[in-house]
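Each remark here refers to the structure printed beneath this line.
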Amino acid sequence: MTEPRIWDITQRVHSAIPLWPGEPPVTLSRHAAIDADCPVNVGAISMPLHTGTHADAPLHYSNGGLASADCALEPYVGRCVLIDVTGARERVEVSDCDWKALAGHTRVLMRSYRRFPHDVWDSNFKAIAPEVIERFGAAGVRLIGVDAPSLDPETSKTMDAHHQVLAADMRILEGLVLDDVPAGEYELIALPLKLVGADASPVRAILREVSQCKT
């Protein structure tokens, strides 16, 4: 039997990865190296919690919200639908969404970039209108994933989209790489780390063909 195809939709993490303005840099260091006196390489990494592809925990946008370690895993695993919203302008509006394709799905991924900007920070990424999030919540969506670094604009002080997510108790994936994935249905696996007190967590996000996957 042919194995279902897997798409890796995760950014590569390295010292030059573009980061949210003001965040400390990613550093990977090695404090042990294989030589005559040492049988192993051992390293350490330091990076912001919102580096690359990550899952926002509710604590990120609410002091009373759950931390990464306390979030249930079910929203991050299971059937999802990917829609193309590359035609949206400054932000993704209700009219930009294929609501027929979205019907019945509890996990929604949105591709806004034709080609993901791996080498530069894009301050003009397409945010998601709070009205879109509100409609997702009313439809029973449990998770929303985007290729942008945030649901709200970089300059937002009110975090309206995030607060609509909070109101519906949804979960968020940001910084996905969806360039070569056709719109349609998939199985999503994108587990946050069990980080105590953390407002976000890096994830290794993948999509699998749904035809041979269990529901």
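Chain labels follow the order of the structure tokens: the first chain is A, the next B, and so on; residue numbering restarts at 1 in every chain, and ligands are counted from 1 in their shown order.
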Item checked: Residues near Pro58 (chain A), cut-off 10 Å, only C-alpha atoms, skip fewer than 4 positions along chain, as a PyMOL selection string -> chain A and resi 62-68+70-71+162-163+165-166+169-172+198-200
Put those residues in a file: C-alpha atoms, as a PDB file, in the first residue's frame.
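This is the output file again.pdb:
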```pdb
ATOM      1  CA  SER A  62      -4.913  36.878  27.847  1.00  0.00           C
ATOM      2  CA  ASN A  63      -3.336  36.894  31.309  1.00  0.00           C
ATOM      3  CA  GLY A  64      -5.926  34.304  32.318  1.00  0.00           C
ATOM      4  CA  GLY A  65      -5.273  32.086  29.293  1.00  0.00           C
ATOM      5  CA  LEU A  66      -3.710  28.645  29.239  1.00  0.00           C
ATOM      6  CA  ALA A  67       0.037  28.225  28.792  1.00  0.00           C
ATOM      7  CA  SER A  68       1.439  25.893  26.148  1.00  0.00           C
ATOM      8  CA  ASP A  70      -1.731  23.170  29.602  1.00  0.00           C
ATOM      9  CA  CYS A  71      -3.331  23.196  26.141  1.00  0.00           C
ATOM     10  CA  HIS A 162      -6.802  37.198  18.696  1.00  0.00           C
ATOM     11  CA  HIS A 163      -9.568  38.245  21.078  1.00  0.00           C
ATOM     12  CA  VAL A 165     -10.150  33.526  18.941  1.00  0.00           C
ATOM     13  CA  LEU A 166     -10.186  33.807  22.741  1.00  0.00           C
ATOM     14  CA  ASP A 169     -11.699  29.164  22.653  1.00  0.00           C
ATOM     15  CA  MET A 170      -9.881  28.357  19.401  1.00  0.00           C
ATOM     16  CA  ARG A 171      -6.186  27.646  18.938  1.00  0.00           C
ATOM     17  CA  ILE A 172      -3.745  29.365  16.581  1.00  0.00           C
ATOM     18  CA  ALA A 198       4.971  29.604  27.960  1.00  0.00           C
ATOM     19  CA  ASP A 199       2.831  31.930  25.828  1.00  0.00           C
ATOM     20  CA  ALA A 200       3.751  30.054  22.638  1.00  0.00           C
TER      21      ALA A 200
END
```
In terms of only C-alpha atoms, the residue from A:Pro21, A:Pro149, A:Gly140, A:Gly175 at minimal distance from Gly104 (chain A) is A:Gly140
Using only C-alpha atoms, which protein or nucleic acid residues come within 12 Å of Pro18 (chain A)? Drop anything in the same chain fewer than 4 positions from it, and give the result as a CSV table (one decimal) with C-alpha atoms, in the first residue's frame.
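Just written: selection.csv:
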```
chain,number,residue,atom,x,y,z
A,11,GLN,CA,10.0,27.0,8.6
A,12,ARG,CA,13.6,26.1,9.0
A,13,VAL,CA,15.0,27.6,12.2
A,14,HIS,CA,18.5,29.1,12.0
A,22,GLY,CA,12.5,43.6,18.6
A,23,GLU,CA,12.7,39.9,19.4
A,24,PRO,CA,16.1,38.6,20.5
A,25,PRO,CA,18.0,36.5,17.9
A,26,VAL,CA,18.1,32.8,17.5
A,47,MET,CA,15.2,31.6,20.7
A,48,PRO,CA,11.9,33.6,21.1
A,50,HIS,CA,7.2,32.9,18.5
A,51,THR,CA,10.1,32.0,16.2
A,52,GLY,CA,9.1,30.6,12.8
A,53,THR,CA,6.2,28.1,12.8
A,116,PHE,CA,6.7,32.5,1.6
A,117,PRO,CA,9.3,35.2,2.5
A,118,HIS,CA,11.9,33.0,4.1
A,119,ASP,CA,14.8,35.6,4.0
A,120,VAL,CA,13.1,38.9,4.9
A,121,TRP,CA,10.7,40.1,7.5
A,122,ASP,CA,7.4,41.3,5.9
A,123,SER,CA,5.7,44.0,8.0
A,149,PRO,CA,3.4,35.7,11.5
A,175,GLY,CA,4.2,31.1,10.3
```
Could you list, with a cut-off of 6 Å and counting only C-alpha atoms, the residues of region 47-118 of chain A near region 179-190 of chain A, each shown with its nearest atom pair and the distance in Å rounded to one decimal, rows sorted by chain and ascending number, as a Markdown table?
```
| residue | atom | partner | partner_atom | distance |
| --- | --- | --- | --- | --- |
| A:Tyr76 | CA | A:Ala190 | CA | 5.4 |
| A:Val77 | CA | A:Ile189 | CA | 4.7 |
| A:Gly78 | CA | A:Glu187 | CA | 5.1 |
| A:Arg79 | CA | A:Glu187 | CA | 4.4 |
| A:Cys80 | CA | A:Tyr186 | CA | 5.4 |
| A:Val81 | CA | A:Glu185 | CA | 4.4 |
| A:Leu82 | CA | A:Ala183 | CA | 5.0 |
| A:Ile83 | CA | A:Ala183 | CA | 5.2 |
| A:Arg115 | CA | A:Asp179 | CA | 5.6 |
```
Which of chain A counts as helix (DSSP H, G or I) under DSSP, as an MDAnalysis selection string please? chainID A and resid 58:60 68:70 74:76 94:96 99:102 130:138 160:168
Deliver the residues from the most recent selection as a file, using N, CA and C atoms, as an mmCIF file, in the first residue's frame.
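out-v9.cif, freshly written:
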```
data_model
loop_
_atom_site.group_PDB
_atom_site.id
_atom_site.type_symbol
_atom_site.label_atom_id
_atom_site.label_comp_id
_atom_site.auth_asym_id
_atom_site.auth_seq_id
_atom_site.Cartn_x
_atom_site.Cartn_y
_atom_site.Cartn_z
ATOM 1 N N PRO A 58 -3.179 30.584 24.559
ATOM 2 C CA PRO A 58 -4.067 31.672 24.991
ATOM 3 C C PRO A 58 -3.397 32.668 25.939
ATOM 4 N N LEU A 59 -2.372 32.229 26.675
ATOM 5 C CA LEU A 59 -1.649 33.137 27.565
ATOM 6 C C LEU A 59 -1.017 34.289 26.798
ATOM 7 N N HIS A 60 -0.770 34.104 25.506
ATOM 8 C CA HIS A 60 -0.164 35.163 24.689
ATOM 9 C C HIS A 60 -1.054 36.395 24.621
ATOM 10 N N SER A 68 1.249 26.969 27.120
ATOM 11 C CA SER A 68 1.439 25.893 26.148
ATOM 12 C C SER A 68 1.330 24.510 26.781
ATOM 13 N N ALA A 69 1.921 24.329 27.930
ATOM 14 C CA ALA A 69 1.917 23.016 28.572
ATOM 15 C C ALA A 69 0.523 22.565 28.977
ATOM 16 N N ASP A 70 -0.392 23.491 29.107
ATOM 17 C CA ASP A 70 -1.731 23.170 29.602
ATOM 18 C C ASP A 70 -2.781 23.046 28.500
ATOM 19 N N GLU A 74 -5.826 17.898 21.150
ATOM 20 C CA GLU A 74 -6.791 17.517 20.107
ATOM 21 C C GLU A 74 -6.942 18.549 18.989
ATOM 22 N N PRO A 75 -6.964 19.862 19.272
ATOM 23 C CA PRO A 75 -7.124 20.813 18.159
ATOM 24 C C PRO A 75 -5.990 20.762 17.138
ATOM 25 N N TYR A 76 -4.818 20.304 17.553
ATOM 26 C CA TYR A 76 -3.628 20.342 16.698
ATOM 27 C C TYR A 76 -3.448 19.089 15.848
ATOM 28 N N VAL A 94 -14.169 38.583 5.010
ATOM 29 C CA VAL A 94 -15.165 37.521 4.860
ATOM 30 C C VAL A 94 -15.348 37.150 3.391
ATOM 31 N N SER A 95 -15.328 38.136 2.519
ATOM 32 C CA SER A 95 -15.552 37.896 1.093
ATOM 33 C C SER A 95 -14.399 37.166 0.421
ATOM 34 N N ASP A 96 -13.237 37.090 1.068
ATOM 35 C CA ASP A 96 -12.074 36.406 0.491
ATOM 36 C C ASP A 96 -12.082 34.904 0.760
ATOM 37 N N TRP A 99 -16.342 29.833 1.683
ATOM 38 C CA TRP A 99 -17.141 29.301 2.784
ATOM 39 C C TRP A 99 -17.756 27.948 2.446
ATOM 40 N N LYS A 100 -17.961 27.687 1.170
ATOM 41 C CA LYS A 100 -18.458 26.365 0.774
ATOM 42 C C LYS A 100 -17.416 25.303 1.083
ATOM 43 N N ALA A 101 -16.146 25.581 0.774
ATOM 44 C CA ALA A 101 -15.071 24.631 1.065
ATOM 45 C C ALA A 101 -14.854 24.458 2.565
ATOM 46 N N LEU A 102 -15.128 25.519 3.323
ATOM 47 C CA LEU A 102 -14.891 25.502 4.772
ATOM 48 C C LEU A 102 -15.986 24.774 5.547
ATOM 49 N N PRO A 130 -11.268 40.439 12.088
ATOM 50 C CA PRO A 130 -11.940 39.795 13.225
ATOM 51 C C PRO A 130 -13.303 39.217 12.866
ATOM 52 N N GLU A 131 -13.959 39.786 11.849
ATOM 53 C CA GLU A 131 -15.248 39.251 11.421
ATOM 54 C C GLU A 131 -15.106 37.836 10.851
ATOM 55 N N VAL A 132 -13.962 37.561 10.220
ATOM 56 C CA VAL A 132 -13.698 36.209 9.722
ATOM 57 C C VAL A 132 -13.559 35.246 10.896
ATOM 58 N N ILE A 133 -12.794 35.650 11.906
ATOM 59 C CA ILE A 133 -12.596 34.805 13.084
ATOM 60 C C ILE A 133 -13.920 34.569 13.805
ATOM 61 N N GLU A 134 -14.711 35.614 13.912
ATOM 62 C CA GLU A 134 -16.021 35.484 14.566
ATOM 63 C C GLU A 134 -16.890 34.456 13.838
ATOM 64 N N ARG A 135 -16.858 34.490 12.516
ATOM 65 C CA ARG A 135 -17.659 33.532 11.740
ATOM 66 C C ARG A 135 -17.107 32.117 11.902
ATOM 67 N N PHE A 136 -15.796 31.975 11.953
ATOM 68 C CA PHE A 136 -15.206 30.661 12.229
ATOM 69 C C PHE A 136 -15.703 30.125 13.568
ATOM 70 N N GLY A 137 -15.662 30.980 14.581
ATOM 71 C CA GLY A 137 -16.094 30.549 15.904
ATOM 72 C C GLY A 137 -17.540 30.098 15.914
ATOM 73 N N ALA A 138 -18.396 30.836 15.228
ATOM 74 C CA ALA A 138 -19.815 30.475 15.164
ATOM 75 C C ALA A 138 -20.026 29.150 14.437
ATOM 76 N N ASP A 160 -7.576 42.479 17.927
ATOM 77 C CA ASP A 160 -8.995 42.145 17.757
ATOM 78 C C ASP A 160 -9.207 40.718 17.274
ATOM 79 N N ALA A 161 -8.414 40.270 16.311
ATOM 80 C CA ALA A 161 -8.577 38.901 15.808
ATOM 81 C C ALA A 161 -8.249 37.881 16.889
ATOM 82 N N HIS A 162 -7.164 38.119 17.617
ATOM 83 C CA HIS A 162 -6.802 37.198 18.696
ATOM 84 C C HIS A 162 -7.899 37.134 19.764
ATOM 85 N N HIS A 163 -8.526 38.255 20.055
ATOM 86 C CA HIS A 163 -9.568 38.245 21.078
ATOM 87 C C HIS A 163 -10.841 37.549 20.592
ATOM 88 N N GLN A 164 -11.083 37.557 19.290
ATOM 89 C CA GLN A 164 -12.178 36.746 18.755
ATOM 90 C C GLN A 164 -11.848 35.262 18.896
ATOM 91 N N VAL A 165 -10.587 34.907 18.699
ATOM 92 C CA VAL A 165 -10.150 33.526 18.941
ATOM 93 C C VAL A 165 -10.373 33.158 20.398
ATOM 94 N N LEU A 166 -10.005 34.056 21.304
ATOM 95 C CA LEU A 166 -10.186 33.807 22.741
ATOM 96 C C LEU A 166 -11.654 33.595 23.076
ATOM 97 N N ALA A 167 -12.531 34.411 22.492
ATOM 98 C CA ALA A 167 -13.964 34.320 22.782
ATOM 99 C C ALA A 167 -14.528 32.962 22.374
ATOM 100 N N ALA A 168 -13.979 32.372 21.300
ATOM 101 C CA ALA A 168 -14.466 31.077 20.812
ATOM 102 C C ALA A 168 -13.604 29.907 21.287
#
```
Do you know which residues are at most 10 Å from Leu178 (chain A) counting only C-alpha atoms, after dropping those on the same chain fewer than 4 positions away, and could you put them as a compact mmCIF listing (two decimals) with C-alpha atoms, in the first residue's frame?
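After the write, around-v1.txt holds the following:
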```txt
# COMPACT_ATOMS: atom_id res chain seq x y z
CA TRP A 7 3.97 18.02 3.24
CA ASP A 8 6.33 19.63 5.75
CA ILE A 9 4.81 23.08 6.34
CA THR A 10 7.38 24.21 8.92
CA LEU A 82 -6.59 24.57 3.40
CA ASP A 84 -6.22 30.00 -0.78
CA LEU A 109 -5.54 26.77 7.29
CA MET A 110 -5.22 29.89 5.13
CA ARG A 111 -2.56 30.52 2.50
CA SER A 112 -1.99 34.24 1.91
CA TYR A 113 1.50 34.17 0.34
CA ARG A 114 2.16 33.04 -3.21
CA ARG A 115 5.76 32.46 -2.09
CA PHE A 116 6.69 32.54 1.58
CA VAL A 146 -1.95 31.01 8.79
CA ASP A 147 1.29 31.53 6.90
CA PRO A 182 -2.86 22.55 -3.11
CA ALA A 183 -6.05 23.82 -1.51
CA LEU A 207 0.02 17.80 6.43
```
With only C-alpha atoms as the counted atoms, please give the residues lying no more than 7 Å from Ala55 (chain A), apart from itself and same-chain residues fewer than 3 positions off, as a ChimeraX atom specification. /A:172-174,192,200-203
